[in-house]
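Engineer: This is coords12.cif (mmCIF, C-alpha atoms).
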data_upload
loop_
_atom_site.label_atom_id
_atom_site.label_comp_id
_atom_site.auth_asym_id
_atom_site.auth_seq_id
_atom_site.Cartn_x
_atom_site.Cartn_y
_atom_site.Cartn_z
CA MET A 1 112.68 284.12 263.15
CA ARG A 2 110.84 285.84 266.02
CA THR A 3 112.50 289.19 265.32
CA GLY A 4 111.97 288.85 261.57
CA LEU A 5 108.23 288.14 261.93
CA PHE A 6 107.24 290.17 264.98
CA GLY A 7 110.07 292.62 265.62
CA SER A 8 110.59 293.43 269.29
CA GLY A 9 106.94 292.87 270.22
CA ASP A 10 105.41 289.96 272.12
CA PRO A 11 104.25 287.30 269.61
CA LEU A 12 102.06 285.35 272.07
CA GLY A 13 98.45 285.23 270.88
CA ILE A 14 99.19 286.62 267.42
CA VAL A 15 97.69 284.71 264.47
CA ILE A 16 99.97 283.82 261.56
CA ARG A 17 99.27 281.95 258.33
CA LEU A 18 101.06 278.79 257.21
CA LYS A 19 100.00 278.36 253.59
CA ASN A 20 96.18 278.48 253.90
CA VAL A 21 96.05 277.70 257.62
CA SER A 22 95.68 280.29 260.37
CA CYS A 23 97.67 279.42 263.49
CA LYS A 24 97.88 281.15 266.86
CA VAL A 25 101.26 281.56 268.52
CA ILE A 26 101.09 279.91 271.96
CA GLY A 27 104.79 279.87 272.88
CA VAL A 28 108.33 280.86 271.91
CA LEU A 29 111.31 278.47 271.92
CA GLU A 30 114.56 279.36 273.63
CA THR A 31 117.35 280.68 271.43
CA LYS A 32 119.76 277.91 270.38
CA GLY A 33 121.82 279.48 267.56
CA ALA A 34 123.50 277.57 264.75
CA SER A 35 123.92 273.79 264.90
CA SER A 36 127.10 271.83 264.11
CA MET A 37 125.98 271.71 260.47
CA ARG A 38 125.72 275.53 260.36
CA MET A 39 121.91 275.39 260.30
CA ASP A 40 119.93 278.02 262.19
CA GLN A 41 118.06 276.13 264.92
CA ASP A 42 115.97 279.24 265.64
CA ASP A 43 114.48 279.26 262.13
CA LEU A 44 111.79 276.82 263.20
CA ILE A 45 108.03 276.64 263.75
CA VAL A 46 106.54 273.80 265.80
CA MET A 47 102.90 272.73 265.46
CA PRO A 48 100.84 269.64 266.39
CA ILE A 49 101.61 266.76 264.04
CA ARG A 50 97.96 265.87 263.53
CA ALA A 51 97.15 269.41 262.43
CA PHE A 52 100.16 269.40 260.11
CA ARG A 53 99.13 266.09 258.53
CA ARG A 54 95.48 267.06 258.10
CA ARG A 55 95.74 270.72 257.11
CA ILE A 56 99.15 271.10 255.38
CA ALA A 57 100.82 267.82 254.35
CA GLY A 58 97.64 265.95 253.42
CA ASN A 59 99.18 262.57 254.34
CA ARG A 60 100.44 260.61 257.34
CA ASP A 61 104.07 260.27 256.18
CA VAL A 62 106.89 261.09 258.61
CA ASP A 63 110.22 261.85 256.97
CA SER A 64 112.37 262.13 260.09
CA ILE A 65 112.17 261.91 263.86
CA PHE A 66 114.55 263.70 266.25
CA VAL A 67 115.20 261.97 269.57
CA SER A 68 116.90 263.53 272.59
CA VAL A 69 118.67 261.24 275.07
CA ARG A 70 118.46 262.13 278.74
CA ASP A 71 121.60 263.20 280.58
CA GLY A 72 123.60 260.20 281.72
CA ALA A 73 121.95 257.77 279.27
CA SER A 74 124.00 255.88 276.67
CA PRO A 75 123.51 257.17 273.11
CA VAL A 76 124.71 253.81 271.73
CA ARG A 77 122.07 251.91 273.71
CA ALA A 78 119.40 254.42 272.70
CA LYS A 79 120.32 253.94 269.04
CA THR A 80 120.14 250.15 269.41
CA ASP A 81 116.72 250.36 271.10
CA ILE A 82 115.40 252.67 268.38
CA GLU A 83 116.62 250.33 265.63
CA ARG A 84 114.98 247.35 267.35
CA LEU A 85 111.72 249.25 267.80
CA MET A 86 111.70 250.39 264.16
CA ARG A 87 112.27 246.82 262.93
CA GLU A 88 109.33 245.67 265.06
CA ARG A 89 107.02 248.44 263.84
CA ARG A 90 107.82 248.02 260.12
CA PRO A 91 107.94 244.90 260.50
CA ILE A 92 111.27 243.52 259.27
CA GLY A 93 112.07 239.84 259.64
CA VAL A 94 115.25 238.34 261.02
CA GLY A 95 118.08 238.82 258.52
CA GLY A 96 116.14 241.45 256.55
CA ASP A 97 117.73 244.73 255.55
CA ASP A 98 116.69 247.91 257.32
CA ASP A 99 114.57 250.30 255.24
CA PHE A 100 115.41 253.22 257.55
CA ASN A 101 118.51 254.96 258.90
CA VAL A 102 119.34 255.93 262.48
CA PHE A 103 122.12 258.46 262.99
CA ASP A 104 123.57 259.87 266.17
CA MET A 105 125.47 263.13 266.62
CA GLU A 106 128.76 261.27 267.01
CA GLN A 107 128.42 259.80 263.51
CA ILE A 108 127.48 263.17 262.07
CA SER A 109 130.37 264.82 263.89
CA SER A 110 132.80 262.18 262.57
CA MET A 111 131.51 262.70 259.04
CA LEU A 112 131.88 266.47 259.31
CA THR A 113 135.38 266.05 260.78
CA GLY A 114 136.38 263.85 257.85
CA VAL A 115 135.02 266.32 255.30
CA THR A 116 136.75 269.18 257.10
CA SER A 117 140.06 267.28 257.13
CA VAL A 118 139.85 266.64 253.39
CA LEU A 119 139.03 270.26 252.65
CA THR A 120 141.81 271.44 254.97
CA GLY A 121 144.32 269.18 253.22
CA LEU A 122 143.18 270.38 249.80
CA LEU A 123 143.41 274.03 250.78
CA SER A 124 146.81 273.44 252.39
CA ALA A 125 148.08 271.87 249.16
CA ILE A 126 146.79 274.82 247.14
CA ALA A 127 148.39 277.25 249.61
CA GLY A 128 151.69 275.35 249.43
CA VAL A 129 151.74 275.50 245.64
CA SER A 130 150.88 279.20 245.77
CA LEU A 131 153.73 279.88 248.21
CA LEU A 132 156.14 277.94 246.01
CA VAL A 133 155.13 279.83 242.87
CA GLY A 134 155.28 283.16 244.71
CA GLY A 135 158.69 282.30 246.16
CA ILE A 136 160.06 281.41 242.73
CA GLY A 137 158.76 284.73 241.41
CA ILE A 138 160.47 286.61 244.24
CA MET A 139 163.73 284.74 243.61
CA ASN A 140 163.63 285.59 239.90
CA ILE A 141 163.01 289.26 240.62
CA MET A 142 165.84 289.38 243.15
CA LEU A 143 168.20 287.62 240.71
CA VAL A 144 167.42 290.30 238.12
CA SER A 145 167.99 292.98 240.77
CA VAL A 146 171.36 291.45 241.74
CA THR A 147 172.43 291.23 238.10
CA GLU A 148 171.53 294.87 237.41
CA ARG A 149 173.38 296.08 240.53
CA THR A 150 176.46 293.89 240.27
CA ARG A 151 178.96 296.74 239.79
CA ALA A 152 177.36 298.74 242.59
CA ILE A 153 177.78 295.71 244.85
CA GLY A 154 181.45 295.48 243.83
CA ILE A 155 182.03 299.14 244.66
CA ARG A 156 180.48 298.68 248.10
CA LEU A 157 182.63 295.63 248.73
CA ALA A 158 185.73 297.52 247.58
CA VAL A 159 185.12 300.38 250.04
CA ASP A 160 185.09 298.07 253.03
CA ALA A 161 181.45 296.90 253.09
CA SER A 162 181.25 293.40 254.53
CA GLU A 163 179.61 290.46 252.78
CA ARG A 164 177.21 290.20 255.72
CA GLN A 165 175.99 293.76 255.10
CA ILE A 166 175.41 293.04 251.39
CA LEU A 167 173.63 289.81 252.26
CA MET A 168 171.39 291.54 254.80
CA GLN A 169 170.58 294.31 252.33
CA PHE A 170 169.16 291.91 249.76
CA LEU A 171 167.44 289.77 252.38
CA VAL A 172 165.67 292.83 253.76
CA GLU A 173 164.62 293.84 250.24
CA SER A 174 163.30 290.35 249.60
CA VAL A 175 161.38 290.24 252.90
CA VAL A 176 159.87 293.69 252.29
CA PHE A 177 158.83 292.64 248.79
CA SER A 178 157.30 289.41 250.11
CA MET A 179 155.57 291.11 253.05
CA ARG A 180 154.04 293.69 250.75
CA GLY A 181 152.47 290.93 248.67
CA GLY A 182 151.39 289.13 251.82
CA ILE A 183 149.65 292.21 253.22
CA ILE A 184 147.83 292.76 249.93
CA GLY A 185 146.75 289.10 249.96
CA ILE A 186 145.54 289.32 253.58
CA LEU A 187 143.51 292.46 252.88
CA LEU A 188 142.05 290.91 249.76
CA GLY A 189 141.17 287.73 251.67
CA LEU A 190 139.51 289.70 254.48
CA GLY A 191 137.54 291.72 251.96
CA LEU A 192 136.32 288.65 250.08
CA GLY A 193 135.54 286.93 253.38
CA PHE A 194 133.47 289.90 254.52
CA VAL A 195 131.52 290.00 251.24
CA GLY A 196 131.01 286.23 251.34
CA SER A 197 129.76 286.33 254.94
CA ARG A 198 127.23 289.00 254.06
CA PHE A 199 126.09 287.04 251.00
CA LEU A 200 125.75 283.73 252.90
CA GLY A 201 124.45 285.27 256.11
CA ALA A 202 127.34 283.79 258.13
CA PRO A 203 129.19 285.66 260.89
CA PHE A 204 132.43 287.42 259.90
CA ALA A 205 134.98 286.63 262.61
CA PRO A 206 138.59 286.97 261.42
CA ASP A 207 141.17 285.28 263.63
CA LEU A 208 144.13 287.49 264.53
CA SER A 209 146.38 284.44 265.02
CA ASN A 210 145.75 283.32 261.44
CA ILE A 211 146.54 286.80 260.15
CA LEU A 212 149.81 286.85 262.10
CA LEU A 213 150.62 283.34 260.85
CA ALA A 214 150.05 284.40 257.25
CA SER A 215 152.30 287.44 257.76
CA ALA A 216 155.01 285.23 259.26
CA PHE A 217 154.81 282.86 256.29
CA SER A 218 155.16 285.81 253.92
CA GLY A 219 158.32 286.93 255.68
CA LEU A 220 159.67 283.36 255.75
CA VAL A 221 159.13 282.98 252.01
CA GLY A 222 161.04 286.22 251.45
CA ILE A 223 163.97 284.98 253.58
CA VAL A 224 164.14 281.50 252.02
CA PHE A 225 163.82 282.53 248.38
CA GLY A 226 165.76 285.76 248.79
CA TYR A 227 168.82 284.10 250.34
CA PHE A 228 170.12 282.51 247.13
CA PRO A 229 170.13 285.72 245.07
CA ALA A 230 171.69 287.57 248.02
CA ARG A 231 174.34 284.88 248.37
CA ARG A 232 175.11 285.17 244.68
CA ALA A 233 175.67 288.91 245.11
CA VAL A 234 178.61 288.38 247.47
CA ARG A 235 180.05 285.12 246.15
CA LEU A 236 182.38 286.67 243.52
CA GLY A 237 184.12 289.05 245.92
CA PRO A 238 185.00 292.69 245.11
CA ILE A 239 187.51 291.96 242.30
CA GLY A 240 185.29 289.49 240.48
CA VAL A 241 182.25 291.73 240.82
CA LEU A 242 184.05 294.83 239.47
CA ARG A 243 185.19 292.83 236.42
CA TYR A 244 181.59 291.81 235.71
CA GLN A 245 180.30 293.17 232.39
#
Mind converting the file's structure to structure tokens?

Structural biologist:
Amino acid sequence: MRTGLFGSGDPLGIVIRLKNVSCKVIGVLETKGASSMRMDQDDLIVMPIRAFRRRIAGNRDVDSIFVSVRDGASPVRAKTDIERLMRERRPIGVGGDDDFNVFDMEQISSMLTGVTSVLTGLLSAIAGVSLLVGGIGIMNIMLVSVTERTRAIGIRLAVDASERQILMQFLVESVVFSMRGGIIGILLGLGLGFVGSRFLGAPFAPDLSNILLASAFSGLVGIVFGYFPARRAVRLGPIGVLRYQ
């Protein structure tokens, strides 16, 4: 926020307006970056609460309070003390339900971890279905290719080509076909990720390990789904293949 409002200059002593209120900048907070909830902790202006209530909010309501626990202190004990203090200040009798909520970072982290796990599982299921559909498409294409080249396969087998060579030929073709689709998908994903990061204002940081993993999966799909058509190409033997009409 400092750079957006004041550029590279020193903001101390400069007067800014918050709605209809003129405020003088008396200090600058240290840079903290994004929080665990992907919120920019530097996009923040701090002012005295009394001035905020009187000049901007127009009431004495407090929506939330952030509490920092000292190093070495127990967050669980701090949460318990805060809950007890809030029940006394409300006041809430023994057995009464709390009309407030106290959260600690561990709870928020657990909630985010759970949401992330669900989203990861959902995306993994979608990716698995996509790989299966793509693999079936590759297998169908290779089956058509084997059928159209049956006599050529028989001629190669008749002139002393081994079944292993024929099998490797079709496996390589299947892997190349699969890898080509995988590379197109990776480039498309990187492009959409770059556009999305610019639109959302998030950093674009592609992980090379994930790219290599996606490439490896593409090759694996080509091997798995290309094996059966390649095996079919050499199963009849040279005599049976040459008789194929």

Engineer: Near Arg55 in chain A, counting only C-alpha atoms, which residues have an atom at most 9 Å away, once you skip same-chain residues fewer than 3 positions from it, shown as a list in words?

Structural biologist: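 Those residues are Asn20, Val21, Arg50, Ala51, Phe52 and Gly58 of chain A.
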
Engineer: Counting only C-alpha atoms, which residues of range 160-191 of chain A fall within 8 Å of range 139-154 of chain A, and what is the closest atom pair for each with its distance in Å at one decimal, ordered by chain and rising number, as JSON lines?

Structural biologist:
{"residue": "A:Ile166", "atom": "CA", "partner": "A:Ile153", "partner_atom": "CA", "distance": 7.5}
{"residue": "A:Phe170", "atom": "CA", "partner": "A:Met142", "partner_atom": "CA", "distance": 7.8}
{"residue": "A:Ser174", "atom": "CA", "partner": "A:Met142", "partner_atom": "CA", "distance": 7.0}

Engineer: Written as number ranges by chain, what is the full residue list that the PyMOL selection byres ((chain A and resi 69) around 12) yields on the file shown?

Structural biologist: A: 66-68, 70-79, 81-82, 104-105

Engineer: Please produce a file of those selected residues containing C-alpha atoms, as an mmCIF file, keeping the file's coordinate frame.

Structural biologist:
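Listing of out-v9.cif after writing:
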data_model
loop_
_atom_site.group_PDB
_atom_site.id
_atom_site.type_symbol
_atom_site.label_atom_id
_atom_site.label_comp_id
_atom_site.auth_asym_id
_atom_site.auth_seq_id
_atom_site.Cartn_x
_atom_site.Cartn_y
_atom_site.Cartn_z
ATOM 1 C CA PHE A 66 114.550 263.700 266.250
ATOM 2 C CA VAL A 67 115.200 261.970 269.570
ATOM 3 C CA SER A 68 116.900 263.530 272.590
ATOM 4 C CA ARG A 70 118.460 262.130 278.740
ATOM 5 C CA ASP A 71 121.600 263.200 280.580
ATOM 6 C CA GLY A 72 123.600 260.200 281.720
ATOM 7 C CA ALA A 73 121.950 257.770 279.270
ATOM 8 C CA SER A 74 124.000 255.880 276.670
ATOM 9 C CA PRO A 75 123.510 257.170 273.110
ATOM 10 C CA VAL A 76 124.710 253.810 271.730
ATOM 11 C CA ARG A 77 122.070 251.910 273.710
ATOM 12 C CA ALA A 78 119.400 254.420 272.700
ATOM 13 C CA LYS A 79 120.320 253.940 269.040
ATOM 14 C CA ASP A 81 116.720 250.360 271.100
ATOM 15 C CA ILE A 82 115.400 252.670 268.380
ATOM 16 C CA ASP A 104 123.570 259.870 266.170
ATOM 17 C CA MET A 105 125.470 263.130 266.620
#

Engineer: Could you tell me how far CA of Val224 in chain A sits from CA of Val172 in chain A, in Å to one decimal place?

Structural biologist: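 According to the coordinates, CA of Val172 in chain A and CA of Val224 in chain A are separated by 11.6 Å.
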
Engineer: Any idea what the distance is between CA of Ser197 in chain A and CA of Leu131 in chain A?

Structural biologist: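 It comes out at 25.7 Å.
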
Engineer: Around all of range 163-174 of chain A's listed atoms, make the axis-aligned box with 5 Å on each side and tell me centre and edge lengths in Å to one decimal, as lines of an AutoDock Vina configuration file.

Structural biologist:
center_x = 171.5
center_y = 292.0
center_z = 252.7
size_x = 26.3
size_y = 14.5
size_z = 16.1
